[in-house]
Amino acid sequence: MNVEAIAPETVPGWETVIGLEVHAELATATKLFSSAPNRFGGQPNTNVDPVSLGLPGSLPVLNEQAVELAIRVGLALNCQVQRSVFSRKNYFYPDMPKDFQISQYDLPINGEGWLELPDGHRVGIERAHLEEDTGKSTHVGGGGRIHEAGYSLVDYNRAGVPLIEIVGAPDLRSAEEARSYVAELRAILVTIGASDGKMEEGSMRVDCNVSVRPVGQAEFGTRCEIKNINSLRSLGRAISYEARRQVDLITSGERVEQQTRHWNEDEGRTHKLRSKEEAYDYRYFPEPDLVPVEPSDEWIDAIRAALPMLPRERRLRLAEAASIDTSAAALTVERGLDDLAVDAIAEGADAPRVLVHAENNLADGAGRLDGASFAALVKMETGGDLTATQTKTVLATLVAEGGEPAIVAADLGFEAMDIGEMEVLVDRLIAEHPDDWTAFISGDEQERKKKSGFFVGQVMKATNGKADGRAVNELLAHRARS
Amino acid sequence: MTERITRDHVAHVADLARLTLSDAELDAFTGQLADVLDHAADLEALDLTDVLPTAHPLPLVNVFRADEPGPTSDRDEVLAAAPAVEEEQFRVPPVLGEEP
């Protein structure tokens with residue numbers, strides 16, 4: 001079965017329900033409860049101290065910057081920022097040497113909120129709380145597969161790094177929507193400086209709850225949680241595979257068991273994780289070594305006032321300026337070109353052309369181009385002074401070197417071709433190629449297209465590409481009618 | 001407290017905490033734990049509608065540390081305390097696995 005080819009949402013009559021839990025490492029200089037550095041990629045077990053290692057007698061002291069970043073995340077996700085208390089989540093696993101993780105349980109720092117996707121769909125946020133990261137274990141032996149591993153090696157550099165866990169509501173209905181949610185969340189976290197959002201370095205990790213139900217059924221189906229998703233691509237593939245697996249189980253008369261599953265990227269499958277016989281029972285209780293966090297209104301207001309413009313606001317602003325919907329504004333915002341586009345449109349440039357250039361010709365950034373020269377260039381293009389191809393060339397020069405569009409165009413030898421000169425040229429070409437011309441006027445649509453391409457090509461050759469292809473086509477059509 | 005703690009509860013909690021208890025210990029701790037919980041249940045006789053649950057005995061909030069790096073531990077010293085070491089890391093048995 002090729003799971004990539006069959007999107008589960010296309011299984012007629014079935015709906016996929018997805019809720020995501022995203023862990024993001026906060027961009028602090030030090031760990032959540034100690035002054036050991038929060039740094040990716042160091043030599044194993046070098047960024048450690050007694051607190052990271054859970055040594056007896058060590059005590060946690062809360063990092064103020066981590067709290068501030070968590071509040072930024074809460075505000076950016078429209079959450080209620082509230083009084084919070086840390087709790088111990090008790091379990092035995094070698095990546096957590098003190099045998100409990102300090103997290104937040106019944107009183108998270110951020111309560112309910114929402115995130116808006118580029119298409120305007122709002123996804124509920126249930127909470128976003130602070131907790132410490134675990135150490136990193138590497139499984140050795142048996143070909144690297146967990147169930148075959150002989151032993152594990154543990155590096156505690158990551159232990160104690162501040163995390164924000166963002167729990168999304170089960171509001172997503174397709175793999176594509178889930179990818180869009182994670183992309184938007186990452187853009188928000190990066191924009192507000194809360195996290196670098198690098199999934200490939202593990203600083204943003206996604207656990208995915210998936211269930212399926214017949215279309216029209218109000219109750220959710222039994223869900224499975226998928227772990228080990230390291231990229232947006234894996235996220236989409238894992239959801240597609242898992243939803244398909246669940247539909248196949250149900251339609252063949254079996255039941256979906258609630259379980260935690262592990263995504264295997266190489267195999268394109270999820271596997272059941274071996275579970276203990278007892279249910280998870282973390283015996284949460286308030287962390288006695290930490291006092292509550294009660295952010296004042298003044299502090300929250302100050303953090304709110306310092307927030308940069310968020311992707312959603314940027315999309316709304318560009319959509320309004322260009323009279324398009326927010327989905328159409330998404331790519332330009334994602335590229336960080338929306339300030340430039342909004343400026344150019346405000347200077348009177350044609351909005352559709354501005355967006356075409358932003359989406360197709362500025363993929364690597366705007367470089368030295370500013371809004372005013374962008375506007376001047378687009379005006380030259382829409383005014384007929386430059387062809388689309390010439391505009392693209394001038395644009396590339398402006399990005400690389402800056403300058404005035406009119407001067408750059410003149411330096412490149414781009415001057416609008418006089419319509420009279422073009423008529424003379426086209427008439428000469430028609431006379432020189434009578435068979436092609438006959439084929440153009442009497443052929444079928446395909447032939448006509450082919451021959452118009454031939455004549456435009458000849459004109460371009462004769463003018464070193466200065467001619468406007470659209471104008472040549474109009475002229476050919478006109479000659480054909482007369 | 002509506003449900004009185006049973007011997008099975010105590011055995012379960014002991015198991016979660018990786019404690020091995022003898023039958024005699026289980027009996028003794030079941031009685032003791034039940035007494036402790038009964039004592040806490042006395043509070044239910046009071047009207048506590050407007051009382052915030054205590055998160056910490058000290059009347060303090062917002063105790064913070066500045067986000068400034070400090071000293072780290074010496075790795076050789078740290079690893080010397082481990083029962084097994086490989087590639088500068090702690091070598092441990094695998095705990096949780098994936099079914100094929």
# chains A, B, ... in the order shown; residues from 1 in each chain; ligands from 1

$ interface_residues --of "chain B" --to "chain A" --cutoff "12 Å" --atoms "only C-alpha atoms" --output "PyMOL selection string"
chain B and resi 12-18+52-79+81-82+84-100

$ select_by_dssp --residues "chain B" --states "alpha helix (DSSP H)" --output "PyMOL selection string"
chain B and resi 7-16+23-41+75-80

$ residues_around --residues "segment 364-367 of chain A" --least-positions-apart "6" --cutoff "9 Å" --atoms "only C-alpha atoms" --output "PyMOL selection string"
chain A and resi 335-337+340+358+398-402

$ write_last_selection --atoms "N, CA and C atoms" --output "mmCIF file, in the first residue's frame"
data_model
loop_
_atom_site.group_PDB
_atom_site.id
_atom_site.type_symbol
_atom_site.label_atom_id
_atom_site.label_comp_id
_atom_site.auth_asym_id
_atom_site.auth_seq_id
_atom_site.Cartn_x
_atom_site.Cartn_y
_atom_site.Cartn_z
ATOM 1 N N ARG A 335 7.709 34.718 3.382
ATOM 2 C CA ARG A 335 9.030 35.090 2.858
ATOM 3 C C ARG A 335 9.577 36.356 3.522
ATOM 4 N N GLY A 336 8.761 37.014 4.348
ATOM 5 C CA GLY A 336 9.224 38.245 4.970
ATOM 6 C C GLY A 336 9.254 39.410 3.985
ATOM 7 N N LEU A 337 8.433 39.331 2.918
ATOM 8 C CA LEU A 337 8.436 40.372 1.890
ATOM 9 C C LEU A 337 7.217 41.286 1.983
ATOM 10 N N LEU A 340 7.774 45.176 2.227
ATOM 11 C CA LEU A 340 8.139 45.691 0.913
ATOM 12 C C LEU A 340 6.911 45.793 0.005
ATOM 13 N N ALA A 358 6.884 39.104 -5.880
ATOM 14 C CA ALA A 358 7.240 38.630 -4.533
ATOM 15 C C ALA A 358 7.239 37.107 -4.483
ATOM 16 N N LEU A 398 18.385 45.150 -9.054
ATOM 17 C CA LEU A 398 18.035 45.992 -7.900
ATOM 18 C C LEU A 398 18.236 45.232 -6.587
ATOM 19 N N VAL A 399 17.901 43.931 -6.596
ATOM 20 C CA VAL A 399 18.076 43.110 -5.390
ATOM 21 C C VAL A 399 19.564 43.005 -5.050
ATOM 22 N N ALA A 400 20.375 42.781 -6.085
ATOM 23 C CA ALA A 400 21.803 42.562 -5.847
ATOM 24 C C ALA A 400 22.564 43.849 -5.564
ATOM 25 N N GLU A 401 22.198 44.924 -6.281
ATOM 26 C CA GLU A 401 23.029 46.127 -6.212
ATOM 27 C C GLU A 401 22.307 47.393 -5.785
ATOM 28 N N GLY A 402 20.985 47.346 -5.760
ATOM 29 C CA GLY A 402 20.218 48.558 -5.475
ATOM 30 C C GLY A 402 20.204 49.469 -6.685
#

$ select_by_dssp --residues "chain B" --states "strand (DSSP E)" --output "ChimeraX atom specification"
/B:64-65,85-86,89-92

$ write_last_selection --atoms "C-alpha atoms" --output "PDB file, in the first residue's frame"
ATOM      1  CA  PHE B  64      13.452  34.315  39.928  1.00  0.00           C
ATOM      2  CA  ARG B  65      17.034  33.981  38.771  1.00  0.00           C
ATOM      3  CA  VAL B  85      30.253   5.070  30.696  1.00  0.00           C
ATOM      4  CA  GLU B  86      30.705   4.994  26.924  1.00  0.00           C
ATOM      5  CA  GLN B  89      27.870   9.395  28.070  1.00  0.00           C
ATOM      6  CA  PHE B  90      26.041   7.439  30.743  1.00  0.00           C
ATOM      7  CA  ARG B  91      25.461   3.881  29.613  1.00  0.00           C
ATOM      8  CA  VAL B  92      22.073   2.567  30.763  1.00  0.00           C
TER       9      VAL B  92
END

$ residues_around --residues "Ser323 of chain A" --least-positions-apart "4" --cutoff "9 Å" --atoms "only C-alpha atoms" --output "list of chain:residue names"
A:Leu318, A:Ala319, A:Ala351

$ residues_around --residues "Pro162 of chain A" --least-positions-apart "2" --cutoff "7 Å" --atoms "only C-alpha atoms" --output "list of chain:residue names"
A:Glu25, A:Leu26, A:Lys31, A:Leu32, A:Ala66, A:Glu131, A:Glu132, A:Asp133, A:Gly160, A:Ile164

$ write_last_selection --atoms "N, CA, C and O atoms" --output "mmCIF file, in the first residue's frame"
data_model
loop_
_atom_site.group_PDB
_atom_site.id
_atom_site.type_symbol
_atom_site.label_atom_id
_atom_site.label_comp_id
_atom_site.auth_asym_id
_atom_site.auth_seq_id
_atom_site.Cartn_x
_atom_site.Cartn_y
_atom_site.Cartn_z
ATOM 1 N N GLU A 25 11.640 24.338 22.576
ATOM 2 C CA GLU A 25 12.674 24.786 23.511
ATOM 3 C C GLU A 25 12.736 26.301 23.469
ATOM 4 O O GLU A 25 12.795 26.902 22.394
ATOM 5 N N LEU A 26 12.722 26.915 24.626
ATOM 6 C CA LEU A 26 12.745 28.372 24.693
ATOM 7 C C LEU A 26 14.173 28.887 24.509
ATOM 8 O O LEU A 26 15.140 28.278 24.982
ATOM 9 N N LYS A 31 19.441 27.228 31.520
ATOM 10 C CA LYS A 31 18.368 26.250 31.713
ATOM 11 C C LYS A 31 17.224 26.816 32.550
ATOM 12 O O LYS A 31 17.309 27.920 33.090
ATOM 13 N N LEU A 32 16.143 26.037 32.638
ATOM 14 C CA LEU A 32 14.940 26.541 33.315
ATOM 15 C C LEU A 32 15.173 26.751 34.813
ATOM 16 O O LEU A 32 14.704 27.725 35.385
ATOM 17 N N ALA A 66 12.801 32.712 30.972
ATOM 18 C CA ALA A 66 11.953 31.618 30.490
ATOM 19 C C ALA A 66 10.482 31.944 30.743
ATOM 20 O O ALA A 66 9.613 31.681 29.908
ATOM 21 N N GLU A 131 7.824 23.636 31.223
ATOM 22 C CA GLU A 131 8.390 22.442 31.846
ATOM 23 C C GLU A 131 9.848 22.307 31.423
ATOM 24 O O GLU A 131 10.318 23.030 30.552
ATOM 25 N N GLU A 132 10.565 21.388 32.086
ATOM 26 C CA GLU A 132 11.971 21.196 31.738
ATOM 27 C C GLU A 132 12.095 20.063 30.734
ATOM 28 O O GLU A 132 11.333 19.105 30.763
ATOM 29 N N ASP A 133 13.078 20.166 29.844
ATOM 30 C CA ASP A 133 13.342 19.114 28.868
ATOM 31 C C ASP A 133 14.079 17.970 29.560
ATOM 32 O O ASP A 133 14.642 18.132 30.647
ATOM 33 N N GLY A 160 16.832 19.858 31.517
ATOM 34 C CA GLY A 160 16.596 21.121 32.201
ATOM 35 C C GLY A 160 16.447 22.309 31.270
ATOM 36 O O GLY A 160 16.180 23.431 31.725
ATOM 37 N N ILE A 164 8.269 25.049 26.303
ATOM 38 C CA ILE A 164 6.862 25.411 26.401
ATOM 39 C C ILE A 164 6.113 24.285 25.697
ATOM 40 O O ILE A 164 6.476 23.891 24.592
#

$ residues_around --residues "Gly197 of chain A" --least-positions-apart "6" --cutoff "6 Å" --atoms "only C-alpha atoms" --output "list in words"
Arg186, Ser203 and Met204 of chain A

$ closest_residue --among "A:Ala344, A:Ala471, A:Leu331, A:Thr387" --to "Gly420 of chain A" --atoms "only C-alpha atoms"
A:Ala471

$ closest_residue --among "A:Ala175, A:Ala70, A:Val472, A:Leu115" --to "Leu163 of chain A" --atoms "only C-alpha atoms"
A:Ala70

$ closest_residue --among "A:Glu267, A:Asn360, A:Val81, A:Pro308" --to "Thr332 of chain A" --atoms "only C-alpha atoms"
A:Asn360

$ residues_around --residues "Ala41 of chain B" --least-positions-apart "4" --cutoff "12 Å" --atoms "only C-alpha atoms" --output "PDB file with N, CA, C and O atoms, in the first residue's frame"
ATOM      1  N   MET B   1     -13.490  12.418  52.329  1.00  0.00           N
ATOM      2  CA  MET B   1     -12.881  11.171  51.813  1.00  0.00           C
ATOM      3  C   MET B   1     -13.972  10.108  51.745  1.00  0.00           C
ATOM      4  O   MET B   1     -14.468   9.639  52.766  1.00  0.00           O
ATOM      5  N   THR B   2     -14.375   9.754  50.524  1.00  0.00           N
ATOM      6  CA  THR B   2     -15.492   8.818  50.382  1.00  0.00           C
ATOM      7  C   THR B   2     -15.006   7.376  50.344  1.00  0.00           C
ATOM      8  O   THR B   2     -15.681   6.480  50.828  1.00  0.00           O
ATOM      9  N   GLU B   3     -13.784   7.179  49.797  1.00  0.00           N
ATOM     10  CA  GLU B   3     -13.306   5.816  49.637  1.00  0.00           C
ATOM     11  C   GLU B   3     -12.116   5.595  50.561  1.00  0.00           C
ATOM     12  O   GLU B   3     -11.167   6.367  50.544  1.00  0.00           O
ATOM     13  N   ARG B   4     -12.175   4.549  51.365  1.00  0.00           N
ATOM     14  CA  ARG B   4     -11.065   4.295  52.276  1.00  0.00           C
ATOM     15  C   ARG B   4      -9.957   3.555  51.532  1.00  0.00           C
ATOM     16  O   ARG B   4     -10.223   2.710  50.676  1.00  0.00           O
ATOM     17  N   ALA B  34      -4.040   5.283  55.707  1.00  0.00           N
ATOM     18  CA  ALA B  34      -5.460   5.572  55.900  1.00  0.00           C
ATOM     19  C   ALA B  34      -5.641   6.599  57.009  1.00  0.00           C
ATOM     20  O   ALA B  34      -6.459   7.521  56.896  1.00  0.00           O
ATOM     21  N   ASP B  35      -4.846   6.460  58.072  1.00  0.00           N
ATOM     22  CA  ASP B  35      -4.950   7.434  59.183  1.00  0.00           C
ATOM     23  C   ASP B  35      -4.558   8.838  58.719  1.00  0.00           C
ATOM     24  O   ASP B  35      -5.196   9.823  59.071  1.00  0.00           O
ATOM     25  N   VAL B  36      -3.497   8.921  57.926  1.00  0.00           N
ATOM     26  CA  VAL B  36      -3.050  10.225  57.428  1.00  0.00           C
ATOM     27  C   VAL B  36      -4.141  10.863  56.583  1.00  0.00           C
ATOM     28  O   VAL B  36      -4.466  12.049  56.710  1.00  0.00           O
ATOM     29  N   LEU B  37      -4.732  10.059  55.695  1.00  0.00           N
ATOM     30  CA  LEU B  37      -5.772  10.589  54.812  1.00  0.00           C
ATOM     31  C   LEU B  37      -7.024  10.960  55.600  1.00  0.00           C
ATOM     32  O   LEU B  37      -7.704  11.939  55.271  1.00  0.00           O
ATOM     33  N   ALA B  45     -14.727  19.206  56.765  1.00  0.00           N
ATOM     34  CA  ALA B  45     -15.804  19.705  57.619  1.00  0.00           C
ATOM     35  C   ALA B  45     -15.884  21.230  57.568  1.00  0.00           C
ATOM     36  O   ALA B  45     -16.883  21.829  57.942  1.00  0.00           O
ATOM     37  N   LEU B  46     -14.792  21.880  57.090  1.00  0.00           N
ATOM     38  CA  LEU B  46     -14.756  23.351  57.070  1.00  0.00           C
ATOM     39  C   LEU B  46     -15.270  23.884  55.734  1.00  0.00           C
ATOM     40  O   LEU B  46     -15.156  23.224  54.703  1.00  0.00           O
TER      41      LEU B  46
END

$ closest_residue --among "A:Asp436, A:Glu257, A:Asp444, A:Glu15" --to "Glu219 of chain A" --atoms "only C-alpha atoms"
A:Glu15

$ atom_distance --atom1 "atom CA of Glu445 of chain A" --atom2 "atom CA of Ala480 of chain A"
13.6 Å

$ closest_residue --among "A:Asp370, A:Glu423, A:Glu334, A:Glu415" --to "Asn473 of chain A" --atoms "only C-alpha atoms"
A:Glu423

$ decode --residues "chain B" --atoms "C-alpha atoms" --output "PDB file, in the first residue's frame"
ATOM      1  CA  MET B   1     -12.881  11.171  51.813  1.00  0.00           C
ATOM      2  CA  THR B   2     -15.492   8.818  50.382  1.00  0.00           C
ATOM      3  CA  GLU B   3     -13.306   5.816  49.637  1.00  0.00           C
ATOM      4  CA  ARG B   4     -11.065   4.295  52.276  1.00  0.00           C
ATOM      5  CA  ILE B   5      -7.586   3.340  51.117  1.00  0.00           C
ATOM      6  CA  THR B   6      -7.079  -0.370  50.562  1.00  0.00           C
ATOM      7  CA  ARG B   7      -4.135  -2.724  50.652  1.00  0.00           C
ATOM      8  CA  ASP B   8      -4.297  -2.869  46.811  1.00  0.00           C
ATOM      9  CA  HIS B   9      -3.949   0.911  46.590  1.00  0.00           C
ATOM     10  CA  VAL B  10      -0.858   0.814  48.756  1.00  0.00           C
ATOM     11  CA  ALA B  11       0.626  -2.039  46.720  1.00  0.00           C
ATOM     12  CA  HIS B  12      -0.010  -0.054  43.515  1.00  0.00           C
ATOM     13  CA  VAL B  13       1.570   3.134  44.867  1.00  0.00           C
ATOM     14  CA  ALA B  14       4.548   1.150  46.157  1.00  0.00           C
ATOM     15  CA  ASP B  15       4.960  -0.410  42.741  1.00  0.00           C
ATOM     16  CA  LEU B  16       4.895   2.999  41.027  1.00  0.00           C
ATOM     17  CA  ALA B  17       7.584   4.195  43.457  1.00  0.00           C
ATOM     18  CA  ARG B  18       9.635   0.998  42.822  1.00  0.00           C
ATOM     19  CA  LEU B  19       9.345  -0.042  46.492  1.00  0.00           C
ATOM     20  CA  THR B  20       9.259  -3.702  47.402  1.00  0.00           C
ATOM     21  CA  LEU B  21       7.095  -4.195  50.487  1.00  0.00           C
ATOM     22  CA  SER B  22       6.561  -7.366  52.496  1.00  0.00           C
ATOM     23  CA  ASP B  23       3.024  -8.484  53.363  1.00  0.00           C
ATOM     24  CA  ALA B  24       3.529  -7.262  56.925  1.00  0.00           C
ATOM     25  CA  GLU B  25       4.704  -3.855  55.668  1.00  0.00           C
ATOM     26  CA  LEU B  26       1.747  -3.598  53.293  1.00  0.00           C
ATOM     27  CA  ASP B  27      -0.658  -4.195  56.197  1.00  0.00           C
ATOM     28  CA  ALA B  28       1.134  -1.704  58.434  1.00  0.00           C
ATOM     29  CA  PHE B  29       1.343   1.036  55.778  1.00  0.00           C
ATOM     30  CA  THR B  30      -2.262   0.577  54.694  1.00  0.00           C
ATOM     31  CA  GLY B  31      -3.378   1.428  58.230  1.00  0.00           C
ATOM     32  CA  GLN B  32      -0.924   4.318  58.559  1.00  0.00           C
ATOM     33  CA  LEU B  33      -1.758   5.854  55.164  1.00  0.00           C
ATOM     34  CA  ALA B  34      -5.460   5.572  55.900  1.00  0.00           C
ATOM     35  CA  ASP B  35      -4.950   7.434  59.183  1.00  0.00           C
ATOM     36  CA  VAL B  36      -3.050  10.225  57.428  1.00  0.00           C
ATOM     37  CA  LEU B  37      -5.772  10.589  54.812  1.00  0.00           C
ATOM     38  CA  ASP B  38      -8.472  10.536  57.497  1.00  0.00           C
ATOM     39  CA  HIS B  39      -6.699  13.406  59.199  1.00  0.00           C
ATOM     40  CA  ALA B  40      -6.672  15.396  55.931  1.00  0.00           C
ATOM     41  CA  ALA B  41     -10.347  14.559  55.474  1.00  0.00           C
ATOM     42  CA  ASP B  42     -11.112  16.459  58.704  1.00  0.00           C
ATOM     43  CA  LEU B  43     -10.633  19.632  56.647  1.00  0.00           C
ATOM     44  CA  GLU B  44     -13.699  18.759  54.639  1.00  0.00           C
ATOM     45  CA  ALA B  45     -15.804  19.705  57.619  1.00  0.00           C
ATOM     46  CA  LEU B  46     -14.756  23.351  57.070  1.00  0.00           C
ATOM     47  CA  ASP B  47     -16.218  25.773  54.523  1.00  0.00           C
ATOM     48  CA  LEU B  48     -13.197  26.510  52.294  1.00  0.00           C
ATOM     49  CA  THR B  49     -15.054  28.023  49.329  1.00  0.00           C
ATOM     50  CA  ASP B  50     -13.000  31.217  49.343  1.00  0.00           C
ATOM     51  CA  VAL B  51      -9.668  29.688  50.302  1.00  0.00           C
ATOM     52  CA  LEU B  52      -7.056  29.236  47.567  1.00  0.00           C
ATOM     53  CA  PRO B  53      -5.397  25.796  47.727  1.00  0.00           C
ATOM     54  CA  THR B  54      -1.933  26.137  49.245  1.00  0.00           C
ATOM     55  CA  ALA B  55       0.773  25.736  46.635  1.00  0.00           C
ATOM     56  CA  HIS B  56       3.635  26.429  49.033  1.00  0.00           C
ATOM     57  CA  PRO B  57       3.927  26.965  52.782  1.00  0.00           C
ATOM     58  CA  LEU B  58       5.965  30.192  52.328  1.00  0.00           C
ATOM     59  CA  PRO B  59       3.973  33.332  51.464  1.00  0.00           C
ATOM     60  CA  LEU B  60       6.216  34.062  48.454  1.00  0.00           C
ATOM     61  CA  VAL B  61       5.663  34.285  44.697  1.00  0.00           C
ATOM     62  CA  ASN B  62       7.886  35.103  41.700  1.00  0.00           C
ATOM     63  CA  VAL B  63      11.258  34.009  43.011  1.00  0.00           C
ATOM     64  CA  PHE B  64      13.452  34.315  39.928  1.00  0.00           C
ATOM     65  CA  ARG B  65      17.034  33.981  38.771  1.00  0.00           C
ATOM     66  CA  ALA B  66      18.540  36.161  36.021  1.00  0.00           C
ATOM     67  CA  ASP B  67      19.214  34.331  32.745  1.00  0.00           C
ATOM     68  CA  GLU B  68      22.993  34.439  33.118  1.00  0.00           C
ATOM     69  CA  PRO B  69      25.261  31.418  32.538  1.00  0.00           C
ATOM     70  CA  GLY B  70      27.172  30.080  35.509  1.00  0.00           C
ATOM     71  CA  PRO B  71      29.765  27.367  36.097  1.00  0.00           C
ATOM     72  CA  THR B  72      29.228  23.844  34.823  1.00  0.00           C
ATOM     73  CA  SER B  73      30.337  20.573  36.363  1.00  0.00           C
ATOM     74  CA  ASP B  74      33.564  18.849  35.413  1.00  0.00           C
ATOM     75  CA  ARG B  75      32.647  16.066  33.039  1.00  0.00           C
ATOM     76  CA  ASP B  76      35.259  13.572  34.151  1.00  0.00           C
ATOM     77  CA  GLU B  77      34.188  14.005  37.729  1.00  0.00           C
ATOM     78  CA  VAL B  78      30.531  13.566  36.807  1.00  0.00           C
ATOM     79  CA  LEU B  79      31.101  10.478  34.683  1.00  0.00           C
ATOM     80  CA  ALA B  80      33.333   8.938  37.361  1.00  0.00           C
ATOM     81  CA  ALA B  81      30.216   8.543  39.505  1.00  0.00           C
ATOM     82  CA  ALA B  82      28.376   6.514  36.830  1.00  0.00           C
ATOM     83  CA  PRO B  83      28.266   2.687  36.947  1.00  0.00           C
ATOM     84  CA  ALA B  84      28.953   2.512  33.188  1.00  0.00           C
ATOM     85  CA  VAL B  85      30.253   5.070  30.696  1.00  0.00           C
ATOM     86  CA  GLU B  86      30.705   4.994  26.924  1.00  0.00           C
ATOM     87  CA  GLU B  87      31.606   7.832  24.547  1.00  0.00           C
ATOM     88  CA  GLU B  88      31.459  10.426  27.338  1.00  0.00           C
ATOM     89  CA  GLN B  89      27.870   9.395  28.070  1.00  0.00           C
ATOM     90  CA  PHE B  90      26.041   7.439  30.743  1.00  0.00           C
ATOM     91  CA  ARG B  91      25.461   3.881  29.613  1.00  0.00           C
ATOM     92  CA  VAL B  92      22.073   2.567  30.763  1.00  0.00           C
ATOM     93  CA  PRO B  93      19.810  -0.396  29.988  1.00  0.00           C
ATOM     94  CA  PRO B  94      17.050   0.237  27.427  1.00  0.00           C
ATOM     95  CA  VAL B  95      13.730   0.794  29.135  1.00  0.00           C
ATOM     96  CA  LEU B  96      10.955   1.333  26.654  1.00  0.00           C
ATOM     97  CA  GLY B  97      10.760  -0.260  23.252  1.00  0.00           C
ATOM     98  CA  GLU B  98       8.769  -0.361  20.075  1.00  0.00           C
ATOM     99  CA  GLU B  99       6.947  -3.522  19.010  1.00  0.00           C
ATOM    100  CA  PRO B 100       7.964  -4.837  15.616  1.00  0.00           C
TER     101      PRO B 100
END
